[in-house]
$ cat work_13.csv   # CSV, C-alpha atoms and all ligand atoms
chain,number,residue,atom,x,y,z
A,1,MET,CA,-50.5,-39.9,-48.5
A,2,ALA,CA,-54.0,-41.2,-49.3
A,3,GLN,CA,-54.7,-44.6,-47.9
A,4,ARG,CA,-57.0,-47.1,-49.6
A,5,VAL,CA,-59.5,-48.7,-47.2
A,6,ASP,CA,-60.4,-52.4,-47.7
A,7,PRO,CA,-63.7,-53.0,-45.8
A,8,THR,CA,-63.3,-56.8,-46.2
A,9,PHE,CA,-59.7,-56.8,-44.9
A,10,MET,CA,-60.6,-58.0,-41.3
A,11,LYS,CA,-62.6,-60.8,-42.8
A,12,SER,CA,-59.6,-61.9,-44.9
A,13,LEU,CA,-57.4,-61.7,-41.9
A,14,GLU,CA,-59.5,-64.3,-40.2
A,15,LYS,CA,-57.9,-66.8,-42.6
A,16,PHE,CA,-54.5,-66.0,-41.0
A,17,GLY,CA,-55.8,-66.7,-37.5
A,18,VAL,CA,-57.4,-63.5,-36.2
A,19,LYS,CA,-60.4,-64.3,-34.1
A,20,ASP,CA,-61.5,-61.8,-31.5
A,21,TRP,CA,-60.8,-58.6,-33.3
A,22,LYS,CA,-64.3,-57.2,-33.0
A,23,ASP,CA,-64.0,-57.2,-29.2
A,24,CYS,CA,-61.2,-54.5,-29.1
A,25,PHE,CA,-62.6,-51.1,-28.0
A,26,HIS,CA,-59.3,-49.4,-28.0
A,27,CYS,CA,-58.8,-48.8,-24.3
A,28,GLY,CA,-55.0,-48.9,-24.9
A,29,ASN,CA,-54.3,-51.2,-21.9
A,30,CYS,CA,-52.3,-53.6,-24.1
A,31,THR,CA,-50.0,-50.8,-25.4
A,32,ALA,CA,-49.5,-49.5,-21.8
A,33,SER,CA,-48.6,-52.9,-20.5
A,34,CYS,CA,-46.4,-54.0,-23.4
A,35,PRO,CA,-42.7,-53.9,-22.3
A,36,LEU,CA,-41.5,-53.4,-25.9
A,37,THR,CA,-43.6,-50.6,-27.1
A,38,GLU,CA,-41.7,-47.3,-27.4
A,39,GLU,CA,-42.4,-43.8,-28.5
A,40,ASP,CA,-41.4,-44.7,-32.1
A,41,TYR,CA,-43.3,-48.0,-32.1
A,42,GLN,CA,-46.9,-47.9,-30.9
A,43,PHE,CA,-48.4,-51.3,-30.8
A,44,PRO,CA,-50.5,-53.4,-30.4
A,45,ARG,CA,-53.5,-51.0,-30.2
A,46,MET,CA,-52.4,-48.9,-33.2
A,47,VAL,CA,-51.8,-52.0,-35.3
A,48,ILE,CA,-55.2,-53.4,-34.4
A,49,ARG,CA,-56.8,-50.1,-35.3
A,50,GLN,CA,-55.2,-50.0,-38.7
A,51,ALA,CA,-56.4,-53.6,-39.3
A,52,GLN,CA,-60.0,-52.8,-38.2
A,53,MET,CA,-60.0,-49.7,-40.5
A,54,GLY,CA,-59.0,-51.9,-43.4
A,55,LEU,CA,-55.8,-50.0,-44.0
A,56,LYS,CA,-54.2,-53.0,-45.8
A,57,ASP,CA,-51.3,-51.0,-47.5
A,58,LYS,CA,-50.5,-49.2,-44.3
A,59,LEU,CA,-50.1,-52.6,-42.6
A,60,LYS,CA,-47.9,-53.9,-45.4
A,61,SER,CA,-45.5,-51.1,-44.8
A,62,ASN,CA,-45.8,-51.2,-41.0
A,63,LEU,CA,-42.5,-52.2,-39.2
A,64,ASP,CA,-43.8,-51.6,-35.7
A,65,LEU,CA,-45.4,-55.1,-35.7
A,66,TRP,CA,-42.0,-56.7,-35.9
A,67,MET,CA,-40.9,-55.1,-32.6
A,68,CYS,CA,-43.4,-57.4,-30.9
A,69,TYR,CA,-42.0,-60.7,-29.8
A,70,PHE,CA,-45.3,-62.3,-29.0
A,71,CYS,CA,-44.6,-62.7,-25.3
A,72,GLY,CA,-48.3,-62.5,-24.4
A,73,ASP,CA,-48.0,-59.9,-21.6
A,74,CYS,CA,-50.5,-57.6,-23.3
A,75,THR,CA,-53.2,-60.3,-23.6
A,76,LYS,CA,-53.2,-60.7,-19.8
A,77,THR,CA,-54.4,-57.0,-19.4
A,78,CYS,CA,-57.0,-56.9,-22.1
A,79,PRO,CA,-60.4,-56.2,-20.4
A,80,ARG,CA,-62.2,-57.5,-23.5
A,81,GLU,CA,-60.3,-60.7,-23.9
A,82,ALA,CA,-59.5,-59.7,-27.4
A,83,ASN,CA,-56.2,-61.4,-27.3
A,84,PRO,CA,-54.0,-58.7,-28.8
A,85,CYS,CA,-51.0,-61.0,-28.9
A,86,GLU,CA,-52.7,-63.4,-31.1
A,87,ILE,CA,-54.1,-60.6,-33.3
A,88,MET,CA,-50.5,-59.3,-33.7
A,89,ARG,CA,-49.3,-62.8,-34.6
A,90,SER,CA,-52.0,-63.2,-37.2
A,91,ILE,CA,-51.2,-59.9,-38.8
A,92,ARG,CA,-47.6,-60.9,-38.9
A,93,ARG,CA,-48.6,-64.0,-41.0
A,94,PHE,CA,-50.4,-61.6,-43.3
A,95,GLN,CA,-47.3,-59.4,-43.6
A,96,ILE,CA,-45.0,-62.4,-44.4
A,97,SER,CA,-47.5,-63.3,-47.1
A,98,ALA,CA,-47.3,-59.8,-48.4
A,99,TYR,CA,-43.5,-59.9,-48.6
A,100,ASP,CA,-43.6,-63.2,-50.5
A,101,TRP,CA,-43.9,-62.5,-54.2
A,102,THR,CA,-44.5,-66.1,-55.1
A,103,GLY,CA,-47.8,-66.2,-53.3
A,104,LEU,CA,-46.8,-69.5,-51.6
A,105,SER,CA,-46.7,-68.0,-48.1
A,106,LYS,CA,-50.3,-67.0,-48.3
A,107,LYS,CA,-51.3,-70.5,-49.5
A,108,PHE,CA,-49.4,-72.1,-46.7
A,109,PHE,CA,-50.7,-69.8,-43.9
A,110,THR,CA,-54.3,-70.0,-45.1
A,111,SER,CA,-54.6,-73.6,-46.1
A,112,THR,CA,-53.4,-76.6,-44.2
A,113,THR,CA,-53.9,-78.8,-47.3
A,114,TRP,CA,-51.5,-76.6,-49.3
A,115,GLU,CA,-48.7,-76.7,-46.7
A,116,LEU,CA,-49.1,-80.4,-45.9
A,117,SER,CA,-49.2,-81.3,-49.6
A,118,PHE,CA,-46.0,-79.4,-50.3
A,119,ILE,CA,-44.3,-80.9,-47.2
A,120,ILE,CA,-45.4,-84.4,-48.0
A,121,GLY,CA,-44.7,-83.9,-51.8
A,122,ILE,CA,-41.1,-82.8,-51.3
A,123,GLY,CA,-40.6,-85.6,-48.7
A,124,VAL,CA,-41.8,-88.2,-51.2
A,125,ILE,CA,-39.5,-86.7,-53.9
A,126,VAL,CA,-36.6,-87.2,-51.6
A,127,LEU,CA,-37.6,-90.8,-50.9
A,128,ALA,CA,-38.1,-91.4,-54.6
A,129,LEU,CA,-34.6,-90.0,-55.4
A,130,PHE,CA,-33.1,-92.4,-52.9
A,131,ALA,CA,-35.1,-95.3,-54.3
A,132,LEU,CA,-33.9,-94.4,-57.8
A,133,PHE,CA,-30.2,-93.5,-57.2
A,134,LEU,CA,-29.2,-94.8,-53.8
A,135,PRO,CA,-31.1,-98.0,-53.1
A,136,PRO,CA,-29.5,-100.1,-50.4
A,137,SER,CA,-27.2,-102.6,-52.0
A,138,PRO,CA,-27.3,-106.3,-51.3
A,139,GLU,CA,-24.0,-105.9,-49.4
A,140,LEU,CA,-25.7,-103.7,-46.9
A,141,TRP,CA,-28.0,-106.5,-45.9
A,142,THR,CA,-25.6,-109.4,-46.3
A,143,ASN,CA,-22.3,-107.9,-45.0
A,144,PRO,CA,-23.0,-104.7,-43.2
A,145,ALA,CA,-19.5,-104.8,-41.7
A,146,LEU,CA,-18.2,-103.6,-45.1
A,147,PHE,CA,-19.5,-100.2,-44.1
A,148,LEU,CA,-17.7,-99.8,-40.9
A,149,ASN,CA,-14.5,-97.8,-40.5
A,150,GLU,CA,-11.5,-98.6,-38.3
A,151,GLN,CA,-13.2,-97.3,-35.1
A,152,GLY,CA,-16.3,-99.4,-35.8
A,153,GLY,CA,-18.4,-96.4,-36.9
A,154,VAL,CA,-20.6,-96.4,-40.0
A,155,MET,CA,-19.1,-94.6,-43.1
A,156,ILE,CA,-22.0,-92.7,-44.7
A,157,ASN,CA,-20.1,-91.4,-47.8
A,158,ASN,CA,-18.5,-94.8,-48.4
A,159,MET,CA,-21.9,-96.4,-48.1
A,160,VAL,CA,-23.3,-94.1,-50.8
A,161,GLU,CA,-20.2,-94.6,-52.9
A,162,SER,CA,-20.2,-98.4,-52.7
A,163,ILE,CA,-23.9,-98.6,-53.4
A,164,SER,CA,-24.1,-96.3,-56.4
A,165,GLY,CA,-20.6,-95.0,-57.3
A,166,PRO,CA,-18.4,-92.0,-56.3
A,167,GLN,CA,-20.3,-89.6,-58.6
A,168,PHE,CA,-23.4,-89.9,-56.3
A,169,VAL,CA,-21.5,-88.5,-53.3
A,170,LYS,CA,-20.9,-85.4,-55.5
A,171,ILE,CA,-24.6,-85.4,-56.5
A,172,ILE,CA,-25.7,-85.2,-52.9
A,173,GLU,CA,-23.3,-82.3,-52.4
A,174,TYR,CA,-24.5,-80.5,-55.5
A,175,GLY,CA,-28.1,-81.1,-54.5
A,176,ASP,CA,-27.3,-79.6,-51.1
A,177,TRP,CA,-25.8,-76.5,-52.6
A,178,THR,CA,-28.7,-76.1,-55.1
A,179,MET,CA,-31.1,-76.2,-52.2
A,180,ALA,CA,-29.0,-73.5,-50.4
A,181,VAL,CA,-29.1,-71.3,-53.5
A,182,VAL,CA,-32.8,-71.7,-54.1
A,183,VAL,CA,-33.9,-71.3,-50.4
A,184,GLY,CA,-31.4,-68.4,-49.8
A,185,GLY,CA,-32.4,-66.7,-53.1
A,186,LEU,CA,-36.1,-66.9,-52.3
A,187,LEU,CA,-35.6,-65.6,-48.8
A,188,ILE,CA,-33.4,-62.8,-50.0
A,189,SER,CA,-35.8,-61.8,-52.7
A,190,ASN,CA,-38.7,-61.7,-50.2
A,191,ILE,CA,-36.5,-59.5,-47.8
A,192,LEU,CA,-35.9,-57.2,-50.8
A,193,ASN,CA,-39.6,-57.0,-51.4
A,194,MET,CA,-40.1,-56.2,-47.7
A,195,PHE,CA,-37.5,-53.4,-48.1
A,196,TYR,CA,-39.5,-52.0,-51.0
A,197,LEU,CA,-42.9,-52.2,-49.3
A,198,THR,CA,-41.7,-50.7,-46.0
A,199,LEU,CA,-39.2,-48.1,-47.1
A,200,LEU,CA,-38.7,-47.6,-50.9
A,201,LYS,CA,-42.4,-47.3,-51.7
A,202,ASP,CA,-42.6,-44.2,-49.5
A,203,LYS,CA,-41.3,-41.6,-51.9
A,204,SER,CA,-41.2,-38.9,-49.2
A,205,LEU,CA,-38.6,-40.8,-47.2
A,206,HIS,CA,-35.0,-40.0,-47.9
A,207,ILE,CA,-32.7,-42.3,-46.0
A,208,PRO,CA,-29.1,-40.9,-45.6
A,209,PHE,CA,-26.7,-43.2,-47.4
A,210,THR,CA,-24.4,-43.5,-44.4
A,211,ALA,CA,-27.2,-44.8,-42.2
A,212,TYR,CA,-27.2,-48.1,-44.2
A,213,PHE,CA,-23.7,-48.7,-42.7
A,214,THR,CA,-24.0,-47.1,-39.3
A,215,GLU,CA,-27.2,-48.9,-38.5
A,216,PHE,CA,-26.2,-52.3,-39.9
A,217,TRP,CA,-24.9,-53.6,-36.5
A,218,LYS,CA,-28.5,-53.6,-35.2
A,219,LEU,CA,-29.4,-56.4,-37.7
A,220,ILE,CA,-26.5,-58.6,-36.5
A,221,PHE,CA,-27.0,-57.7,-32.8
A,222,HIS,CA,-30.7,-58.4,-32.7
A,223,PHE,CA,-30.5,-61.5,-34.8
A,224,SER,CA,-27.9,-63.1,-32.6
A,225,THR,CA,-29.1,-61.9,-29.2
A,226,GLN,CA,-32.9,-61.5,-29.5
A,227,ASP,CA,-32.2,-58.7,-27.0
A,228,LYS,CA,-35.6,-57.0,-27.0
A,229,LEU,CA,-37.2,-60.2,-25.7
A,230,ARG,CA,-35.3,-59.9,-22.4
A,231,LYS,CA,-37.7,-57.1,-21.4
A,232,CYS,CA,-40.7,-59.4,-21.3
A,233,ASP,CA,-41.9,-60.8,-18.0
A,234,ASP,CA,-41.1,-64.4,-18.8
A,235,LYS,CA,-37.3,-64.5,-19.2
A,236,SER,CA,-37.3,-68.2,-20.1
A,237,TYR,CA,-38.9,-67.3,-23.4
A,238,TRP,CA,-35.8,-65.2,-24.3
A,239,VAL,CA,-33.4,-68.0,-23.3
A,240,GLY,CA,-35.4,-70.5,-25.4
A,241,HIS,CA,-35.4,-68.2,-28.3
A,242,VAL,CA,-31.7,-67.6,-28.2
A,243,LEU,CA,-31.0,-71.3,-28.0
A,244,LEU,CA,-33.5,-72.1,-30.9
A,245,MET,CA,-32.2,-69.3,-33.1
A,246,THR,CA,-28.5,-70.1,-32.6
A,247,GLY,CA,-29.1,-73.9,-32.8
A,248,TYR,CA,-31.2,-73.6,-35.9
A,249,THR,CA,-28.8,-71.2,-37.6
A,250,ILE,CA,-25.9,-73.6,-36.9
A,251,MET,CA,-27.9,-76.5,-38.2
A,252,PHE,CA,-28.8,-74.5,-41.4
A,253,VAL,CA,-25.2,-73.5,-42.0
A,254,ILE,CA,-23.9,-77.0,-41.4
A,255,ILE,CA,-26.4,-78.6,-43.7
A,256,VAL,CA,-26.6,-76.2,-46.6
A,257,GLY,CA,-23.1,-74.7,-46.5
A,258,LEU,CA,-20.6,-76.9,-44.8
A,259,LEU,CA,-21.8,-80.5,-45.4
A,260,PRO,CA,-18.5,-81.8,-46.8
A,261,LYS,CA,-16.8,-80.6,-43.6
A,262,PHE,CA,-19.4,-82.3,-41.4
A,263,GLN,CA,-20.3,-85.5,-43.2
A,264,ILE,CA,-16.9,-87.1,-42.9
A,265,GLU,CA,-16.0,-90.8,-42.5
A,266,GLU,CA,-14.0,-90.5,-39.4
A,267,ILE,CA,-15.8,-90.8,-36.1
A,268,VAL,CA,-14.2,-87.8,-34.3
A,269,PRO,CA,-14.1,-87.7,-30.4
A,270,TRP,CA,-17.1,-86.1,-28.7
A,271,TYR,CA,-15.1,-82.9,-27.8
A,272,ASN,CA,-14.2,-82.3,-31.5
A,273,TRP,CA,-15.7,-78.9,-32.7
A,274,GLN,CA,-17.8,-80.6,-35.4
A,275,ARG,CA,-19.6,-82.8,-32.9
A,276,LEU,CA,-19.9,-80.0,-30.3
A,277,LEU,CA,-21.6,-77.7,-32.8
A,278,GLY,CA,-24.0,-80.5,-33.8
A,279,TYR,CA,-24.7,-81.2,-30.1
A,280,TYR,CA,-25.3,-77.6,-29.4
A,281,ALA,CA,-27.7,-77.2,-32.3
A,282,THR,CA,-29.7,-80.3,-31.3
A,283,ILE,CA,-29.9,-79.4,-27.6
A,284,GLY,CA,-30.8,-75.8,-28.4
A,285,ILE,CA,-33.7,-76.9,-30.6
A,286,LEU,CA,-34.9,-79.5,-28.1
A,287,VAL,CA,-34.6,-77.1,-25.1
A,288,PHE,CA,-36.9,-74.7,-26.9
A,289,LEU,CA,-39.3,-77.2,-28.4
A,290,ILE,CA,-40.1,-79.4,-25.3
A,291,PRO,CA,-41.6,-76.6,-23.2
A,292,VAL,CA,-43.3,-75.1,-26.2
A,293,VAL,CA,-45.0,-78.4,-27.1
A,294,ILE,CA,-46.1,-78.9,-23.4
A,295,GLY,CA,-47.3,-75.3,-23.2
A,296,ARG,CA,-49.3,-75.5,-26.4
A,297,PHE,CA,-51.0,-78.7,-25.1
A,298,LYS,CA,-51.7,-77.2,-21.6
A,299,LYS,CA,-52.9,-73.8,-23.1
A,300,LYS,CA,-52.2,-72.0,-19.8
A,301,LYS,CA,-49.7,-69.3,-20.9
A,302,CYS,CA,-51.3,-66.5,-23.0
A,303,LYS,CA,-48.8,-66.8,-25.8
A,304,LEU,CA,-49.4,-70.5,-26.2
A,305,LYS,CA,-53.1,-70.7,-25.7
A,306,HIS,CA,-54.0,-70.4,-29.4
A,307,SER,CA,-52.1,-72.5,-32.0
A,308,HIS,CA,-52.4,-71.9,-35.7
A,309,PRO,CA,-51.9,-75.0,-37.8
A,310,THR,CA,-48.6,-73.6,-39.1
A,311,ASP,CA,-47.3,-73.4,-35.5
A,312,TRP,CA,-47.8,-77.1,-35.2
A,313,HIS,CA,-46.3,-77.9,-38.6
A,314,PHE,CA,-43.2,-76.0,-37.6
A,315,ILE,CA,-42.9,-77.7,-34.2
A,316,ILE,CA,-43.5,-81.2,-35.6
A,317,MET,CA,-41.1,-80.8,-38.5
A,318,LEU,CA,-38.4,-79.3,-36.3
A,319,GLY,CA,-38.9,-82.0,-33.6
A,320,LEU,CA,-38.8,-84.9,-36.2
A,321,THR,CA,-35.7,-83.4,-37.8
A,322,ALA,CA,-33.9,-83.3,-34.4
A,323,ILE,CA,-35.1,-86.8,-33.4
A,324,SER,CA,-34.2,-88.4,-36.7
A,325,GLY,CA,-30.8,-86.6,-36.7
A,326,ILE,CA,-30.1,-88.0,-33.2
A,327,LEU,CA,-31.0,-91.5,-34.4
A,328,VAL,CA,-28.6,-91.2,-37.4
A,329,HIS,CA,-25.9,-90.1,-35.0
A,330,ILE,CA,-26.5,-92.9,-32.5
A,331,PHE,CA,-26.7,-95.6,-35.1
A,332,ARG,CA,-23.6,-94.3,-36.8
A,333,ILE,CA,-21.3,-94.1,-33.8
A,334,THR,CA,-22.5,-97.5,-32.5
A,335,GLY,CA,-21.8,-99.2,-35.8
A,336,MET,CA,-25.3,-100.1,-37.2
A,337,PRO,CA,-25.1,-99.6,-41.0
A,338,ILE,CA,-28.7,-100.7,-41.9
A,339,ALA,CA,-30.3,-98.6,-39.2
A,340,THR,CA,-28.0,-95.7,-40.2
A,341,TYR,CA,-29.1,-95.9,-43.8
A,342,ILE,CA,-32.8,-96.1,-43.0
A,343,SER,CA,-32.7,-93.2,-40.5
A,344,TYR,CA,-30.5,-91.1,-42.8
A,345,VAL,CA,-33.0,-91.4,-45.6
A,346,LEU,CA,-35.9,-90.6,-43.3
A,347,HIS,CA,-34.0,-87.7,-41.8
A,348,LEU,CA,-33.4,-86.1,-45.2
A,349,ALA,CA,-37.1,-86.8,-46.2
A,350,ILE,CA,-38.1,-84.6,-43.2
A,351,LEU,CA,-35.3,-82.1,-43.2
A,352,VAL,CA,-35.4,-81.1,-46.9
A,353,PRO,CA,-39.1,-80.1,-47.0
A,354,MET,CA,-38.7,-78.4,-43.6
A,355,ILE,CA,-35.9,-76.2,-45.0
A,356,MET,CA,-37.6,-75.6,-48.3
A,357,ILE,CA,-41.0,-74.7,-46.9
A,358,GLU,CA,-40.3,-73.2,-43.5
A,359,VAL,CA,-37.2,-71.0,-44.2
A,360,PRO,CA,-38.5,-68.9,-47.1
A,361,PHE,CA,-42.3,-69.2,-46.8
A,362,SER,CA,-43.7,-70.2,-43.4
A,363,LYS,CA,-43.2,-69.7,-39.7
A,364,TRP,CA,-39.4,-69.9,-39.5
A,365,SER,CA,-39.0,-67.0,-41.9
A,366,HIS,CA,-39.7,-64.6,-39.1
A,367,LEU,CA,-36.3,-65.3,-37.6
A,368,ALA,CA,-34.9,-63.6,-40.7
A,369,TYR,CA,-37.5,-60.9,-41.2
A,370,ARG,CA,-37.4,-59.5,-37.6
A,371,PRO,CA,-33.8,-58.4,-37.5
A,372,PHE,CA,-34.2,-56.9,-40.9
A,373,ALA,CA,-37.3,-55.1,-39.7
A,374,ILE,CA,-35.3,-53.7,-36.8
A,375,TYR,CA,-32.6,-52.5,-39.3
A,376,PHE,CA,-35.2,-51.0,-41.7
A,377,ALA,CA,-36.9,-49.3,-38.8
A,378,ALA,CA,-33.6,-47.7,-37.8
A,379,LEU,CA,-33.1,-46.6,-41.5
A,380,LYS,CA,-36.6,-45.1,-41.5
A,381,LYS,CA,-35.9,-43.2,-38.3
A,382,ALA,CA,-32.7,-41.8,-39.8
A,383,GLY,CA,-34.7,-40.7,-42.8
A,384,VAL,CA,-37.3,-39.0,-40.7
A,385,GLU,CA,-34.6,-37.3,-38.5
A,386,LYS,CA,-33.0,-36.0,-41.7
A,387,GLU,CA,-36.2,-34.6,-42.9
A,388,LYS,CA,-36.6,-32.7,-39.6
A,389,VAL,CA,-33.1,-31.2,-40.0
A,390,GLU,CA,-33.4,-30.5,-43.8
A,391,PRO,CA,-37.1,-30.0,-44.5
A,392,THR,CA,-38.1,-30.4,-48.2
A,393,PRO,CA,-38.7,-27.0,-49.7
A,394,ALA,CA,-42.4,-26.3,-50.3
A,395,PHE,CA,-41.8,-25.1,-53.9
A,396,ALA,CA,-38.9,-27.0,-55.2
B,1,LIG,S1,-56.8,-55.3,-27.5
B,1,LIG,FE1,-57.8,-55.2,-25.5
B,1,LIG,S2,-56.4,-54.0,-24.3
B,1,LIG,FE2,-55.8,-53.6,-26.4
B,1,LIG,S3,-56.9,-51.8,-26.9
B,1,LIG,FE3,-58.2,-53.5,-27.5
B,1,LIG,S4,-59.5,-53.8,-25.8
B,1,LIG,FE4,-57.9,-52.6,-25.1
B,2,LIG,S1,-47.2,-59.9,-27.2
B,2,LIG,FE1,-45.7,-58.9,-25.9
B,2,LIG,S2,-44.3,-57.7,-27.2
B,2,LIG,FE2,-46.2,-58.2,-28.4
B,2,LIG,S3,-47.5,-56.5,-28.1
B,2,LIG,FE3,-48.1,-58.0,-26.5
B,2,LIG,S4,-46.9,-57.4,-24.7
B,2,LIG,FE4,-46.0,-56.4,-26.5
$ encode --input "work_13.csv" --output "structure tokens"
Amino acid sequence: MAQRVDPTFMKSLEKFGVKDWKDCFHCGNCTASCPLTEEDYQFPRMVIRQAQMGLKDKLKSNLDLWMCYFCGDCTKTCPREANPCEIMRSIRRFQISAYDWTGLSKKFFTSTTWELSFIIGIGVIVLALFALFLPPSPELWTNPALFLNEQGGVMINNMVESISGPQFVKIIEYGDWTMAVVVGGLLISNILNMFYLTLLKDKSLHIPFTAYFTEFWKLIFHFSTQDKLRKCDDKSYWVGHVLLMTGYTIMFVIIVGLLPKFQIEEIVPWYNWQRLLGYYATIGILVFLIPVVIGRFKKKKCKLKHSHPTDWHFIIMLGLTAISGILVHIFRITGMPIATYISYVLHLAILVPMIMIEVPFSKWSHLAYRPFAIYFAALKKAGVEKEKVEPTPAFA
């Protein structure tokens, strides 16, 4: 298939964070030292080559890039200090932008102003909605004890109900489900676009129908275990990733799918499954975040030496979400209604933009794209194998 060459492509990749691409002279050290490269997936040298040649469409359909977990091992061996790990990471940002049909990913990855404006804008809308519909009632200031339950804990739903009426508890739930549908729908539509760009667009590829089912386990397995990352030198990276991924997924499911089951009035004992899941999610996120933040400041580890603005936005949003969530919990179980109300409002003003921006458009989305890429790569392989067994007739 003829490939269109875009001579300005590398220049445009610089906006996604690529810096030292001209230094690569294709010695192949990085590919040789990468613990994750396989016969079927040749990276990072091949990917860098495609980028340098301006093969934009080829890179859009490239699934190899997703087999890289950005451990940084290859960067240590580059004789030209071209930082192949960072080049791969930057090209991944380009790919995520290519999958996103709305064009917002590209805006967020290439412009800090755009991403911060959206984050702050959505946060302000959340604050404005609270100011309009759920302002603190005089009772909250004059008689906060009204909002305590029998165990002395703060009743969040009752607080909302007594301030603005029972219909507003439902409004919060409906708002939550609307957010789930919008965010989930955007992410799914982008994944379908990825499916088109990486598999469907290639008309010569005929994937056996059964492969869609027989290979599906790979999606679930790699999503839940991050197994490939175990092969990298630094095993702590794998542990951190598993904790983050499971913690974040639990948090996402709790917030956008099961809120009525979790936001209950009763203060359940610490060993109750609801509280344990919440603790696991919070600890998982913090155990990942703390060393990453320290590492990005220290700039010693290859994988954390260079930080793109979107790396920091993600870390800051996730950290603030976890901290504000911890504060809501502490204030609630210790019976402090005013502090609970204020921290709850701030928590939502951080959490809602984080979910709406990060999940479908920005850095977080890679947690969804990667397992799908592994699944799609398995489908592609099945299609190629089929072609070997049943070659297409030359004159059909
Ligand atoms: S990035 Fe470095 S190690 Fe990899 S091929 Fe280029 S020069 Fe060699
Ligand atoms: S960052 Fe790690 S996984 Fe990615 S290409 Fe380099 S060595 Fe391989």
$ closest_residue --input "work_13.csv" --among "A:Ile330, A:Ile290, A:Leu219, A:Ile87" --to "ligand LIG 1 (chain B)" --atoms "all atoms listed in the file"
A:Ile87
$ residues_near_ligand --input "work_13.csv" --ligand "ligand LIG 1 (chain B)" --cutoff "10 Å" --atoms "all atoms listed in the file" --output "MDAnalysis selection string"
chainID A and resid 20:34 43:49 74:88
$ residues_around --input "work_13.csv" --residues "range 307-319 of chain A" --least-positions-apart "4" --cutoff "8 Å" --atoms "all atoms listed in the file" --output "PyMOL selection string"
chain A and resi 17+108-109+112+285-286+289+293+296+323+350-351+354+358+362-364
$ atom_distance --input "work_13.csv" --atom1 "CA of Gly278 in chain A" --atom2 "CA of Met251 in chain A"
7.1 Å
$ closest_residue --input "work_13.csv" --among "A:Lys300, A:Lys228, A:His206, A:Lys261" --to "ligand LIG 2 (chain B)" --atoms "only C-alpha atoms and all ligand atoms"
A:Lys228
$ atom_distance --input "work_13.csv" --atom1 "CA of Val268 in chain A" --atom2 "CA of Gly284 in chain A"
21.3 Å
$ closest_residue --input "work_13.csv" --among "A:Thr37, A:Gln95, A:Ser12, A:Gln151" --to "ligand LIG 2 (chain B)" --atoms "all atoms listed in the file"
A:Thr37
$ atom_distance --input "work_13.csv" --atom1 "CA of Leu36 in chain A" --atom2 "atom FE4 of ligand LIG 2 (chain B)"
5.4 Å
$ closest_residue --input "work_13.csv" --among "A:Trp114, A:Phe130, A:Phe372, A:Tyr99" --to "Tyr196 in chain A" --atoms "all atoms listed in the file"
A:Tyr99
$ residues_near_point --input "work_13.csv" --point "(-45.1, -49.3, -42.2)" --cutoff "12 Å" --atoms "only C-alpha atoms" --output "MDAnalysis selection string"
chainID A and resid 40:42 46:47 50 55:67 95 194:202 205 373 376:377 380:381
$ closest_residue --input "work_13.csv" --among "A:Ile96, A:Ile254, A:Met356, A:Ile119" --to "Tyr369 in chain A" --atoms "only C-alpha atoms"
A:Ile96
$ closest_residue --input "work_13.csv" --among "A:Ser365, A:Thr225, A:Thr282, A:Ser324" --to "Thr340 in chain A" --atoms "only C-alpha atoms"
A:Ser324
$ residues_around --input "work_13.csv" --residues "range 152-157 of chain A" --least-positions-apart "3" --cutoff "8 Å" --atoms "all atoms listed in the file" --output "compact mmCIF listing (two decimals) with C-alpha atoms, keeping the file's coordinate frame"
# COMPACT_ATOMS: atom_id res chain seq x y z
CA PHE A 147 -19.50 -100.20 -44.10
CA LEU A 148 -17.70 -99.80 -40.90
CA ASN A 149 -14.50 -97.80 -40.50
CA VAL A 160 -23.30 -94.10 -50.80
CA GLU A 161 -20.20 -94.60 -52.90
CA VAL A 169 -21.50 -88.50 -53.30
CA GLN A 263 -20.30 -85.50 -43.20
CA ILE A 264 -16.90 -87.10 -42.90
CA GLU A 265 -16.00 -90.80 -42.50
CA GLU A 266 -14.00 -90.50 -39.40
CA ILE A 267 -15.80 -90.80 -36.10
CA PHE A 331 -26.70 -95.60 -35.10
CA ARG A 332 -23.60 -94.30 -36.80
CA ILE A 333 -21.30 -94.10 -33.80
CA THR A 334 -22.50 -97.50 -32.50
CA GLY A 335 -21.80 -99.20 -35.80
CA MET A 336 -25.30 -100.10 -37.20
CA PRO A 337 -25.10 -99.60 -41.00
CA THR A 340 -28.00 -95.70 -40.20
CA TYR A 341 -29.10 -95.90 -43.80
$ residues_around --input "work_13.csv" --residues "Lys303 in chain A" --least-positions-apart "4" --cutoff "7 Å" --atoms "all atoms listed in the file" --output "PDB file with C-alpha atoms, in the frame of the given file"
ATOM      1  CA  PHE A  70     -45.300 -62.300 -29.000  1.00  0.00           C
ATOM      2  CA  CYS A  71     -44.600 -62.700 -25.300  1.00  0.00           C
ATOM      3  CA  GLY A  72     -48.300 -62.500 -24.400  1.00  0.00           C
ATOM      4  CA  CYS A  85     -51.000 -61.000 -28.900  1.00  0.00           C
TER       5      CYS A  85
END
$ residues_around --input "work_13.csv" --residues "range 8-10 of chain A" --least-positions-apart "4" --cutoff "7 Å" --atoms "only C-alpha atoms" --output "number ranges by chain"
A: 14, 51-52, 54, 56
